[in-house]
$ cat my_file32.cif   # mmCIF, C-alpha atoms
data_entry
loop_
_atom_site.group_PDB
_atom_site.id
_atom_site.type_symbol
_atom_site.label_atom_id
_atom_site.label_comp_id
_atom_site.auth_asym_id
_atom_site.auth_seq_id
_atom_site.Cartn_x
_atom_site.Cartn_y
_atom_site.Cartn_z
ATOM 1 C CA MET A 30 -3.483 -13.961 21.040
ATOM 2 C CA GLN A 31 -1.075 -11.374 22.474
ATOM 3 C CA ILE A 32 2.014 -10.512 20.451
ATOM 4 C CA LYS A 33 5.161 -10.987 22.523
ATOM 5 C CA LEU A 34 7.675 -8.187 22.383
ATOM 6 C CA LYS A 35 10.553 -10.546 21.648
ATOM 7 C CA ASP A 36 8.665 -11.812 18.596
ATOM 8 C CA SER A 37 8.495 -8.329 17.076
ATOM 9 C CA GLN A 38 12.104 -7.203 17.639
ATOM 10 C CA ASN A 39 15.244 -8.000 15.667
ATOM 11 C CA PHE A 40 18.581 -7.739 17.474
ATOM 12 C CA LEU A 41 21.981 -6.597 16.228
ATOM 13 C CA TYR A 42 24.920 -8.864 17.069
ATOM 14 C CA ASP A 43 28.000 -7.166 15.509
ATOM 15 C CA SER A 44 29.663 -4.671 17.875
ATOM 16 C CA GLN A 45 31.748 -3.239 15.002
ATOM 17 C CA LEU A 46 28.556 -2.359 13.143
ATOM 18 C CA VAL A 47 27.171 -0.686 16.270
ATOM 19 C CA LYS A 48 30.353 1.423 16.546
ATOM 20 C CA LYS A 49 29.942 2.390 12.892
ATOM 21 C CA LEU A 50 26.343 3.469 13.513
ATOM 22 C CA ILE A 51 27.278 5.590 16.527
ATOM 23 C CA ASN A 52 30.031 7.253 14.491
ATOM 24 C CA LEU A 53 27.315 8.385 12.078
ATOM 25 C CA THR A 54 25.642 10.341 14.879
ATOM 26 C CA SER A 55 26.551 13.456 16.867
ATOM 27 C CA ILE A 56 26.372 11.557 20.176
ATOM 28 C CA ASN A 57 29.169 12.743 22.467
ATOM 29 C CA LYS A 58 30.523 12.664 26.021
ATOM 30 C CA PHE A 59 28.120 15.385 27.183
ATOM 31 C CA ASP A 60 24.966 13.477 26.216
ATOM 32 C CA ILE A 61 22.501 11.877 28.590
ATOM 33 C CA VAL A 62 20.966 9.057 26.559
ATOM 34 C CA TYR A 63 17.637 7.340 27.131
ATOM 35 C CA GLU A 64 17.584 3.980 25.390
ATOM 36 C CA MET A 65 14.360 2.095 24.814
ATOM 37 C CA GLY A 66 14.617 -1.694 24.504
ATOM 38 C CA PRO A 67 18.342 -2.364 25.087
ATOM 39 C CA GLY A 68 17.794 -6.127 24.792
ATOM 40 C CA LYS A 69 21.135 -7.828 25.435
ATOM 41 C CA GLY A 70 22.932 -4.493 25.620
ATOM 42 C CA ILE A 71 25.025 -4.414 22.445
ATOM 43 C CA ILE A 72 24.152 -0.758 21.737
ATOM 44 C CA THR A 73 24.127 0.119 25.438
ATOM 45 C CA LYS A 74 27.684 -1.152 25.820
ATOM 46 C CA GLU A 75 29.029 1.170 23.129
ATOM 47 C CA LEU A 76 27.024 4.134 24.415
ATOM 48 C CA ASP A 77 28.323 3.524 27.939
ATOM 49 C CA LYS A 78 31.887 4.046 26.699
ATOM 50 C CA ILE A 79 31.084 7.440 25.199
ATOM 51 C CA VAL A 80 28.301 9.366 26.893
ATOM 52 C CA GLN A 81 27.829 10.986 30.272
ATOM 53 C CA LYS A 82 25.012 8.637 31.273
ATOM 54 C CA VAL A 83 22.671 6.007 29.806
ATOM 55 C CA ILE A 84 19.206 5.293 31.176
ATOM 56 C CA ALA A 85 18.039 2.085 29.499
ATOM 57 C CA VAL A 86 14.409 0.975 29.808
ATOM 58 C CA GLU A 87 13.835 -2.752 29.222
ATOM 59 C CA ILE A 88 10.414 -4.371 29.564
ATOM 60 C CA ASP A 89 11.657 -7.977 29.740
ATOM 61 C CA LYS A 90 12.586 -8.750 33.374
ATOM 62 C CA ASN A 91 15.144 -11.446 32.553
ATOM 63 C CA LEU A 92 16.918 -9.187 30.078
ATOM 64 C CA ALA A 93 16.778 -6.285 32.528
ATOM 65 C CA ASP A 94 18.251 -8.394 35.329
ATOM 66 C CA ASN A 95 21.104 -9.526 33.084
ATOM 67 C CA LEU A 96 21.757 -5.930 32.047
ATOM 68 C CA LYS A 97 21.833 -4.759 35.660
ATOM 69 C CA THR A 98 24.590 -7.281 36.311
ATOM 70 C CA GLN A 99 26.438 -6.381 33.116
ATOM 71 C CA PHE A 100 26.404 -2.638 33.830
ATOM 72 C CA LYS A 101 26.689 -2.797 37.619
ATOM 73 C CA ASN A 102 29.758 -0.547 37.786
ATOM 74 C CA SER A 103 29.175 1.843 34.911
ATOM 75 C CA ASN A 104 27.517 5.050 33.736
ATOM 76 C CA THR A 105 24.402 3.078 32.800
ATOM 77 C CA SER A 106 21.187 2.668 34.791
ATOM 78 C CA ILE A 107 18.830 -0.159 33.863
ATOM 79 C CA ILE A 108 15.106 0.231 34.476
ATOM 80 C CA ASN A 109 12.753 -2.734 34.157
ATOM 81 C CA GLY A 110 9.532 -1.247 32.806
ATOM 82 C CA ASP A 111 7.346 -0.366 29.847
ATOM 83 C CA PHE A 112 8.765 2.628 27.984
ATOM 84 C CA LEU A 113 5.279 3.655 26.854
ATOM 85 C CA ASN A 114 4.409 4.243 30.527
ATOM 86 C CA PHE A 115 7.790 5.765 31.358
ATOM 87 C CA SER A 116 8.080 9.459 32.290
ATOM 88 C CA LEU A 117 10.585 11.290 30.113
ATOM 89 C CA PRO A 118 12.814 13.981 31.654
ATOM 90 C CA LYS A 119 12.325 17.743 31.660
ATOM 91 C CA THR A 120 16.016 18.395 30.881
ATOM 92 C CA ASN A 121 17.840 17.941 27.554
ATOM 93 C CA TYR A 122 18.460 14.346 26.482
ATOM 94 C CA THR A 123 19.140 12.095 23.510
ATOM 95 C CA PHE A 124 16.960 9.118 22.599
ATOM 96 C CA VAL A 125 18.230 5.862 21.072
ATOM 97 C CA SER A 126 16.246 2.757 20.222
ATOM 98 C CA ASN A 127 16.214 -0.398 18.164
ATOM 99 C CA MET A 128 12.439 -0.320 18.210
ATOM 100 C CA PRO A 129 10.070 -3.292 18.244
ATOM 101 C CA PHE A 130 8.436 -2.777 14.873
ATOM 102 C CA ASN A 131 4.907 -3.376 16.149
ATOM 103 C CA LEU A 132 5.330 -0.415 18.537
ATOM 104 C CA THR A 133 6.890 2.065 16.097
ATOM 105 C CA ALA A 134 3.933 4.454 15.936
ATOM 106 C CA GLN A 135 3.375 4.500 19.707
ATOM 107 C CA ILE A 136 7.050 5.146 20.439
ATOM 108 C CA LEU A 137 7.519 7.849 17.803
ATOM 109 C CA ASN A 138 4.323 9.637 18.765
ATOM 110 C CA LYS A 139 5.382 9.547 22.420
ATOM 111 C CA ILE A 140 8.797 11.120 21.897
ATOM 112 C CA LEU A 141 7.872 13.559 19.109
ATOM 113 C CA ASP A 142 4.652 14.779 20.746
ATOM 114 C CA TYR A 143 6.198 15.187 24.193
ATOM 115 C CA ASP A 144 6.547 18.800 25.379
ATOM 116 C CA ASN A 145 10.233 18.219 26.116
ATOM 117 C CA SER A 146 11.023 15.951 23.182
ATOM 118 C CA PRO A 147 14.568 14.600 22.704
ATOM 119 C CA VAL A 148 17.114 17.011 21.274
ATOM 120 C CA LYS A 149 18.405 14.102 19.162
ATOM 121 C CA SER A 150 16.741 10.791 18.359
ATOM 122 C CA TYR A 151 18.536 7.893 16.643
ATOM 123 C CA LEU A 152 16.305 4.995 15.698
ATOM 124 C CA ILE A 153 16.478 1.612 14.035
ATOM 125 C CA MET A 154 13.147 1.160 12.281
ATOM 126 C CA GLN A 155 11.383 -0.145 9.203
ATOM 127 C CA TYR A 156 12.005 1.892 6.074
ATOM 128 C CA GLU A 157 8.299 2.250 5.251
ATOM 129 C CA ALA A 158 7.610 3.703 8.694
ATOM 130 C CA PHE A 159 10.490 6.155 8.260
ATOM 131 C CA LEU A 160 8.985 7.375 4.975
ATOM 132 C CA LYS A 161 5.668 7.982 6.719
ATOM 133 C CA TYR A 162 7.273 10.139 9.413
ATOM 134 C CA SER A 163 9.900 11.893 7.274
ATOM 135 C CA GLY A 164 8.081 12.589 3.999
ATOM 136 C CA ALA A 165 10.033 14.654 1.446
ATOM 137 C CA PRO A 166 12.676 14.401 0.112
ATOM 138 C CA TYR A 167 12.480 10.641 0.677
ATOM 139 C CA TYR A 168 8.802 10.260 -0.207
ATOM 140 C CA SER A 169 5.564 12.219 -0.527
ATOM 141 C CA GLU A 170 4.337 14.008 2.572
ATOM 142 C CA SER A 171 1.912 12.322 4.975
ATOM 143 C CA PHE A 172 -0.136 13.486 7.936
ATOM 144 C CA ARG A 173 2.666 12.534 10.351
ATOM 145 C CA SER A 174 5.513 14.053 8.335
ATOM 146 C CA ILE A 175 3.614 17.338 7.940
ATOM 147 C CA LEU A 176 2.782 17.319 11.650
ATOM 148 C CA TYR A 177 6.370 17.065 12.866
ATOM 149 C CA LYS A 178 8.345 18.962 10.215
ATOM 150 C CA PRO A 179 8.110 22.393 11.855
ATOM 151 C CA PHE A 180 9.978 21.008 14.854
ATOM 152 C CA PHE A 181 12.275 18.200 13.592
ATOM 153 C CA SER A 182 14.580 17.455 10.688
ATOM 154 C CA SER A 183 14.952 13.811 9.697
ATOM 155 C CA GLN A 184 17.715 11.938 7.908
ATOM 156 C CA LEU A 185 18.367 8.407 6.712
ATOM 157 C CA LEU A 186 21.829 7.498 8.014
ATOM 158 C CA TYR A 187 22.281 3.826 7.141
ATOM 159 C CA THR A 188 20.485 0.979 5.385
ATOM 160 C CA PHE A 189 20.952 -2.478 6.906
ATOM 161 C CA SER A 190 21.322 -5.867 5.354
ATOM 162 C CA GLN A 191 18.779 -8.346 6.663
ATOM 163 C CA TYR A 192 21.721 -10.444 7.846
ATOM 164 C CA ASP A 193 22.752 -7.717 10.300
ATOM 165 C CA PHE A 194 20.003 -8.962 12.634
ATOM 166 C CA LYS A 195 18.958 -12.076 14.473
ATOM 167 C CA PRO A 196 16.371 -13.126 13.558
ATOM 168 C CA SER A 197 16.620 -11.744 10.021
ATOM 169 C CA PRO A 198 13.741 -9.349 9.284
ATOM 170 C CA ASN A 199 11.600 -9.601 6.168
ATOM 171 C CA ALA A 200 11.304 -5.819 5.841
ATOM 172 C CA LYS A 201 13.891 -3.195 4.840
ATOM 173 C CA ILE A 202 15.459 -1.736 8.002
ATOM 174 C CA VAL A 203 17.203 1.636 8.348
ATOM 175 C CA PHE A 204 19.058 3.729 10.912
ATOM 176 C CA VAL A 205 17.660 7.260 11.031
ATOM 177 C CA SER A 206 17.723 10.494 12.986
ATOM 178 C CA PHE A 207 15.114 13.013 14.088
ATOM 179 C CA ILE A 208 16.848 16.190 15.286
ATOM 180 C CA LYS A 209 14.973 18.975 17.050
ATOM 181 C CA LYS A 210 15.276 22.283 15.203
ATOM 182 C CA ASP A 211 16.959 25.095 17.141
ATOM 183 C CA LEU A 212 14.485 27.484 15.558
ATOM 184 C CA PRO A 213 11.192 25.748 14.720
ATOM 185 C CA ASP A 214 9.350 26.821 11.590
ATOM 186 C CA ILE A 215 6.426 28.016 13.703
ATOM 187 C CA ASN A 216 6.266 29.560 17.140
ATOM 188 C CA ILE A 217 6.261 26.726 19.684
ATOM 189 C CA GLU A 218 3.313 28.430 21.406
ATOM 190 C CA LEU A 219 1.270 27.722 18.277
ATOM 191 C CA LYS A 220 2.082 24.008 18.266
ATOM 192 C CA ASN A 221 -1.384 22.861 19.370
ATOM 193 C CA ASP A 222 -3.039 25.231 16.878
ATOM 194 C CA TYR A 223 -0.841 23.826 14.124
ATOM 195 C CA TYR A 224 -1.657 20.228 15.104
ATOM 196 C CA ASP A 225 -5.377 21.058 14.994
ATOM 197 C CA PHE A 226 -5.021 22.815 11.633
ATOM 198 C CA VAL A 227 -3.195 19.893 9.981
ATOM 199 C CA ALA A 228 -5.631 17.357 11.440
ATOM 200 C CA PHE A 229 -8.567 19.471 10.246
ATOM 201 C CA LEU A 230 -7.268 19.448 6.676
ATOM 202 C CA TYR A 231 -6.905 15.670 6.689
ATOM 203 C CA LEU A 232 -10.274 15.099 8.377
ATOM 204 C CA GLN A 233 -12.222 17.496 6.174
ATOM 205 C CA LYS A 234 -14.325 15.862 3.450
ATOM 206 C CA GLY A 235 -13.102 16.126 -0.098
ATOM 207 C CA LYS A 236 -9.664 15.899 -1.680
ATOM 208 C CA THR A 237 -8.872 19.222 -3.345
ATOM 209 C CA PHE A 238 -7.799 22.578 -1.934
ATOM 210 C CA LYS A 239 -11.242 24.151 -2.352
ATOM 211 C CA GLU A 240 -12.980 21.233 -0.644
ATOM 212 C CA LYS A 241 -10.474 20.965 2.191
ATOM 213 C CA THR A 242 -10.461 24.685 3.053
ATOM 214 C CA SER A 243 -14.012 25.833 2.246
ATOM 215 C CA LYS A 244 -15.024 26.036 5.924
ATOM 216 C CA ILE A 245 -12.153 28.297 6.951
ATOM 217 C CA PHE A 246 -11.219 30.427 3.921
ATOM 218 C CA SER A 247 -13.785 32.576 2.086
ATOM 219 C CA ASN A 248 -14.174 32.290 -1.688
ATOM 220 C CA LEU A 249 -12.147 35.470 -2.132
ATOM 221 C CA GLN A 250 -9.394 34.196 0.179
ATOM 222 C CA GLN A 251 -9.302 30.893 -1.682
ATOM 223 C CA LYS A 252 -8.943 32.665 -5.038
ATOM 224 C CA LYS A 253 -6.064 34.808 -3.749
ATOM 225 C CA ILE A 254 -4.297 31.794 -2.259
ATOM 226 C CA ILE A 255 -4.738 29.742 -5.439
ATOM 227 C CA THR A 256 -3.224 32.567 -7.496
ATOM 228 C CA GLU A 257 -0.383 33.382 -5.090
ATOM 229 C CA PHE A 258 0.757 29.783 -4.557
ATOM 230 C CA LYS A 259 -0.197 28.507 -8.038
ATOM 231 C CA ILE A 260 -2.307 25.700 -6.582
ATOM 232 C CA ASP A 261 -3.500 22.988 -8.944
ATOM 233 C CA LEU A 262 -7.265 22.824 -8.415
ATOM 234 C CA ASN A 263 -7.257 19.074 -9.083
ATOM 235 C CA ALA A 264 -4.318 18.285 -6.787
ATOM 236 C CA THR A 265 -5.172 16.144 -3.770
ATOM 237 C CA ILE A 266 -3.852 16.791 -0.280
ATOM 238 C CA SER A 267 -1.441 13.845 -0.580
ATOM 239 C CA THR A 268 0.516 15.882 -3.169
ATOM 240 C CA TRP A 269 0.611 19.127 -1.188
ATOM 241 C CA SER A 270 4.050 20.236 -0.065
ATOM 242 C CA TYR A 271 5.013 20.975 3.511
ATOM 243 C CA THR A 272 5.800 24.565 2.466
ATOM 244 C CA LEU A 273 2.273 25.018 1.140
ATOM 245 C CA ILE A 274 0.651 23.747 4.327
ATOM 246 C CA LEU A 275 2.967 25.915 6.433
ATOM 247 C CA ASN A 276 1.967 28.967 4.366
ATOM 248 C CA LEU A 277 -1.707 28.064 4.693
ATOM 249 C CA PHE A 278 -1.325 27.820 8.462
ATOM 250 C CA ASN A 279 0.305 31.248 8.629
ATOM 251 C CA LEU A 280 -2.553 32.726 6.620
ATOM 252 C CA TYR A 281 -5.065 30.893 8.790
ATOM 253 C CA THR A 282 -3.605 32.303 12.023
ATOM 254 C CA LYS A 283 -3.554 35.865 10.670
ATOM 255 C CA TYR A 284 -6.713 36.211 8.623
ATOM 256 C CA VAL A 285 -9.328 33.627 9.649
ATOM 257 C CA SER A 286 -11.990 34.776 12.116
ATOM 258 C CA LYS A 287 -12.438 33.251 15.558
ATOM 259 C CA ASP A 288 -15.846 31.910 14.538
ATOM 260 C CA LYS A 289 -14.329 29.930 11.663
ATOM 261 C CA LYS A 290 -11.423 28.765 13.789
ATOM 262 C CA LYS A 291 -13.966 26.926 15.934
ATOM 263 C CA TYR A 292 -14.287 24.409 13.085
ATOM 264 C CA VAL A 293 -10.602 23.559 13.561
ATOM 265 C CA LEU A 294 -10.518 23.413 17.368
ATOM 266 C CA ASN A 295 -9.765 19.926 18.833
ATOM 267 C CA SER A 296 -9.327 18.360 15.377
ATOM 268 C CA TYR A 297 -6.104 16.633 16.431
ATOM 269 C CA LYS A 298 -7.883 15.053 19.397
ATOM 270 C CA LYS A 299 -10.681 13.867 17.099
ATOM 271 C CA MET A 300 -8.215 12.337 14.657
ATOM 272 C CA SER A 301 -6.304 10.612 17.472
ATOM 273 C CA GLU A 302 -9.549 9.131 18.788
ATOM 274 C CA GLN A 303 -10.490 7.898 15.308
ATOM 275 C CA GLN A 304 -7.077 6.289 14.832
ATOM 276 C CA ASN A 305 -7.255 4.660 18.275
ATOM 277 C CA ASN A 306 -10.687 3.241 17.455
ATOM 278 C CA ILE A 307 -9.419 1.872 14.144
ATOM 279 C CA SER A 308 -6.390 0.303 15.862
ATOM 280 C CA LYS A 309 -8.635 -1.240 18.498
ATOM 281 C CA LEU A 310 -10.919 -2.656 15.798
ATOM 282 C CA HIS A 311 -7.934 -4.192 13.994
ATOM 283 C CA ARG A 312 -6.632 -5.721 17.237
ATOM 284 C CA ASN A 313 -10.065 -7.185 18.034
ATOM 285 C CA ARG A 314 -10.374 -8.641 14.527
ATOM 286 C CA LYS A 315 -6.899 -10.125 14.753
ATOM 287 C CA ALA A 316 -7.645 -11.620 18.164
ATOM 288 C CA LEU A 317 -10.937 -13.061 16.873
ATOM 289 C CA TYR A 318 -9.210 -14.540 13.823
ATOM 290 C CA SER A 319 -6.512 -16.095 16.022
ATOM 291 C CA LYS A 320 -9.118 -17.569 18.344
ATOM 292 C CA GLN A 321 -11.073 -19.030 15.412
ATOM 293 C CA HIS A 322 -7.848 -20.394 13.928
ATOM 294 C CA ILE A 323 -6.907 -22.075 17.218
ATOM 295 C CA ASN A 324 -10.418 -23.525 17.617
ATOM 296 C CA GLN A 325 -10.325 -24.864 14.062
ATOM 297 C CA ASN A 326 -6.938 -26.497 14.683
ATOM 298 C CA ASN A 327 -8.265 -28.056 17.882
ATOM 299 C CA LYS A 328 -11.221 -29.491 15.943
ATOM 300 C CA ASN A 329 -8.900 -30.880 13.292
ATOM 301 C CA ASP A 330 -6.802 -32.511 16.010
#
$ encode --input "my_file32.cif" --output "structure tokens"
Amino acid sequence: MQIKLKDSQNFLYDSQLVKKLINLTSINKFDIVYEMGPGKGIITKELDKIVQKVIAVEIDKNLADNLKTQFKNSNTSIINGDFLNFSLPKTNYTFVSNMPFNLTAQILNKILDYDNSPVKSYLIMQYEAFLKYSGAPYYSESFRSILYKPFFSSQLLYTFSQYDFKPSPNAKIVFVSFIKKDLPDINIELKNDYYDFVAFLYLQKGKTFKEKTSKIFSNLQQKKIITEFKIDLNATISTWSYTLILNLFNLYTKYVSKDKKKYVLNSYKKMSEQQNNISKLHRNRKALYSKQHINQNNKND
């Protein structure tokens, strides 16, 4: 059974609340805004009053057609299409979305991984997903938060009531920002190397520092690092700070030999493939369960 987009998205209905949310941002008259999933256009309408231009991508044809009529004579362009297949611009832009919650990971990975990622992103999303992508100080670091922190700063701007949406969601929903850093914490040319390094650490067998880094750092290097950064030998990677991993990457780039760096090469691709396979397995299991459930109901009828 295919999940319909409309069944996974919760819509705002109070224009005053939307104005309040926009006032919490740095969106201004110079911005070109790409909006994913405008729905009935309540956010689009307020953006249209403020910014230089809005490009809104809506997958539902009926909604898109209504929006085209609504914004016929405005600064807003409506595109009927799937944002996940949409080509993002090469120039500076801002991204805004009340995201369908079942597509959160795909959307965030698309905009944050893109070579020309948004200068500013303002998102309505589930709180648990925000914690996964933001990490500290809101929560412990995760693979995704560590991956993106050199390039983006994140902030929780507003926490919604469930009654702010129709239909009312069961989960806690927040309004957040991901802002591109003017000066990233690592050289942008090393981005792919950093992605591979972080993925390698998470893929590597074991839980502790010694186990996770034994293939790339020598025993002597490990001892020096443990002493310098006061690493708890029993601490698992889930408790490591972003600063520690950033320092480890800097040491890795400077002091690890090319032969050992081969262990790290393409680790991000491997992890992405593993995650895609797991997601596919879950989708197949869900589809099989739904089919069995429907068949059972038909038998009962």
$ resolve_selection --input "my_file32.cif" --expression "the PyMOL selection byres ((chain A and resi 200) around 12)" --output "list of chain:residue names"
A:Ser37, A:Gln38, A:Asn39, A:Phe130, A:Met154, A:Gln155, A:Tyr156, A:Glu157, A:Ala158, A:Thr188, A:Phe189, A:Ser190, A:Gln191, A:Tyr192, A:Phe194, A:Pro196, A:Ser197, A:Pro198, A:Asn199, A:Lys201, A:Ile202, A:Val203
$ closest_residue --input "my_file32.cif" --among "A:Val285, A:Ile71, A:Val62, A:Val47" --to "Ser247 of chain A" --atoms "only C-alpha atoms"
A:Val285
$ closest_residue --input "my_file32.cif" --among "A:Lys291, A:Lys149, A:Lys74, A:Lys82" --to "Phe59 of chain A" --atoms "all atoms listed in the file"
A:Lys82
$ resolve_selection --input "my_file32.cif" --expression "the PyMOL selection byres ((chain A and resi 150) around 9)" --output "PDB file with C-alpha atoms, keeping the file's coordinate frame"
ATOM      1  CA  THR A 123      19.140  12.095  23.510  1.00  0.00           C
ATOM      2  CA  PHE A 124      16.960   9.118  22.599  1.00  0.00           C
ATOM      3  CA  VAL A 125      18.230   5.862  21.072  1.00  0.00           C
ATOM      4  CA  SER A 126      16.246   2.757  20.222  1.00  0.00           C
ATOM      5  CA  ILE A 140       8.797  11.120  21.897  1.00  0.00           C
ATOM      6  CA  PRO A 147      14.568  14.600  22.704  1.00  0.00           C
ATOM      7  CA  VAL A 148      17.114  17.011  21.274  1.00  0.00           C
ATOM      8  CA  LYS A 149      18.405  14.102  19.162  1.00  0.00           C
ATOM      9  CA  TYR A 151      18.536   7.893  16.643  1.00  0.00           C
ATOM     10  CA  LEU A 152      16.305   4.995  15.698  1.00  0.00           C
ATOM     11  CA  VAL A 205      17.660   7.260  11.031  1.00  0.00           C
ATOM     12  CA  SER A 206      17.723  10.494  12.986  1.00  0.00           C
ATOM     13  CA  PHE A 207      15.114  13.013  14.088  1.00  0.00           C
ATOM     14  CA  ILE A 208      16.848  16.190  15.286  1.00  0.00           C
ATOM     15  CA  LYS A 209      14.973  18.975  17.050  1.00  0.00           C
TER      16      LYS A 209
END
$ atom_distance --input "my_file32.cif" --atom1 "atom CA of Asn104 of chain A" --atom2 "atom CA of Phe204 of chain A"
24.4 Å
$ closest_atom_pairs --input "my_file32.cif" --of "segment 169-241 of chain A" --to "segment 258-278 of chain A" --cutoff "8 Å" --atoms "only C-alpha atoms" --output "Markdown table"
| residue | atom | partner | partner_atom | distance |
| --- | --- | --- | --- | --- |
| A:Ser169 | CA | A:Thr268 | CA | 6.8 |
| A:Glu170 | CA | A:Ser267 | CA | 6.6 |
| A:Ser171 | CA | A:Ser267 | CA | 6.7 |
| A:Ile175 | CA | A:Tyr271 | CA | 5.9 |
| A:Lys178 | CA | A:Tyr271 | CA | 7.8 |
| A:Tyr223 | CA | A:Phe278 | CA | 6.9 |
| A:Phe226 | CA | A:Phe278 | CA | 7.0 |
| A:Val227 | CA | A:Ile274 | CA | 7.8 |
| A:Tyr231 | CA | A:Ile266 | CA | 7.7 |
| A:Lys236 | CA | A:Thr265 | CA | 5.0 |
| A:Thr237 | CA | A:Thr265 | CA | 4.8 |
| A:Phe238 | CA | A:Leu262 | CA | 6.5 |
| A:Lys239 | CA | A:Leu262 | CA | 7.4 |
$ residues_around --input "my_file32.cif" --residues "segment 293-295 of chain A" --least-positions-apart "5" --cutoff "8 Å" --atoms "all atoms listed in the file" --output "PyMOL selection string"
chain A and resi 222+225-226+229
$ build_atoms --input "my_file32.cif" --residues "segment 259-273 of chain A" --atoms "N, CA, C and O atoms" --output "compact mmCIF listing (two decimals), keeping the file's coordinate frame"
# COMPACT_ATOMS: atom_id res chain seq x y z
N LYS A 259 -0.07 29.29 -6.80
CA LYS A 259 -0.20 28.51 -8.04
C LYS A 259 -0.67 27.08 -7.74
O LYS A 259 -0.06 26.09 -8.15
N ILE A 260 -1.77 26.99 -7.01
CA ILE A 260 -2.31 25.70 -6.58
C ILE A 260 -3.09 25.04 -7.71
O ILE A 260 -3.94 25.66 -8.34
N ASP A 261 -2.77 23.80 -7.96
CA ASP A 261 -3.50 22.99 -8.94
C ASP A 261 -4.85 22.62 -8.33
O ASP A 261 -4.92 21.97 -7.29
N LEU A 262 -5.92 23.04 -8.96
CA LEU A 262 -7.26 22.82 -8.41
C LEU A 262 -7.64 21.35 -8.33
O LEU A 262 -8.55 20.97 -7.59
N ASN A 263 -6.97 20.51 -9.11
CA ASN A 263 -7.26 19.07 -9.08
C ASN A 263 -6.31 18.29 -8.17
O ASN A 263 -6.49 17.09 -7.98
N ALA A 264 -5.31 18.97 -7.62
CA ALA A 264 -4.32 18.28 -6.79
C ALA A 264 -4.93 17.87 -5.45
O ALA A 264 -5.65 18.64 -4.81
N THR A 265 -4.65 16.64 -5.05
CA THR A 265 -5.17 16.14 -3.77
C THR A 265 -4.19 16.47 -2.65
O THR A 265 -3.02 16.76 -2.89
N ILE A 266 -4.67 16.41 -1.42
CA ILE A 266 -3.85 16.79 -0.28
C ILE A 266 -2.59 15.94 -0.16
O ILE A 266 -1.57 16.40 0.36
N SER A 267 -2.62 14.72 -0.66
CA SER A 267 -1.44 13.84 -0.58
C SER A 267 -0.28 14.37 -1.41
O SER A 267 0.87 13.95 -1.21
N THR A 268 -0.55 15.31 -2.33
CA THR A 268 0.52 15.88 -3.17
C THR A 268 0.94 17.28 -2.69
O THR A 268 1.86 17.86 -3.25
N TRP A 269 0.27 17.80 -1.68
CA TRP A 269 0.61 19.13 -1.19
C TRP A 269 1.98 19.09 -0.52
O TRP A 269 2.33 18.14 0.17
N SER A 270 2.73 20.15 -0.69
CA SER A 270 4.05 20.24 -0.06
C SER A 270 3.93 20.75 1.37
O SER A 270 2.94 21.40 1.74
N TYR A 271 4.96 20.46 2.14
CA TYR A 271 5.01 20.98 3.51
C TYR A 271 5.00 22.50 3.51
O TYR A 271 4.33 23.14 4.32
N THR A 272 5.73 23.10 2.55
CA THR A 272 5.80 24.56 2.47
C THR A 272 4.43 25.16 2.24
O THR A 272 4.07 26.18 2.85
N LEU A 273 3.62 24.52 1.39
CA LEU A 273 2.27 25.02 1.14
C LEU A 273 1.44 24.98 2.41
O LEU A 273 0.77 25.96 2.76
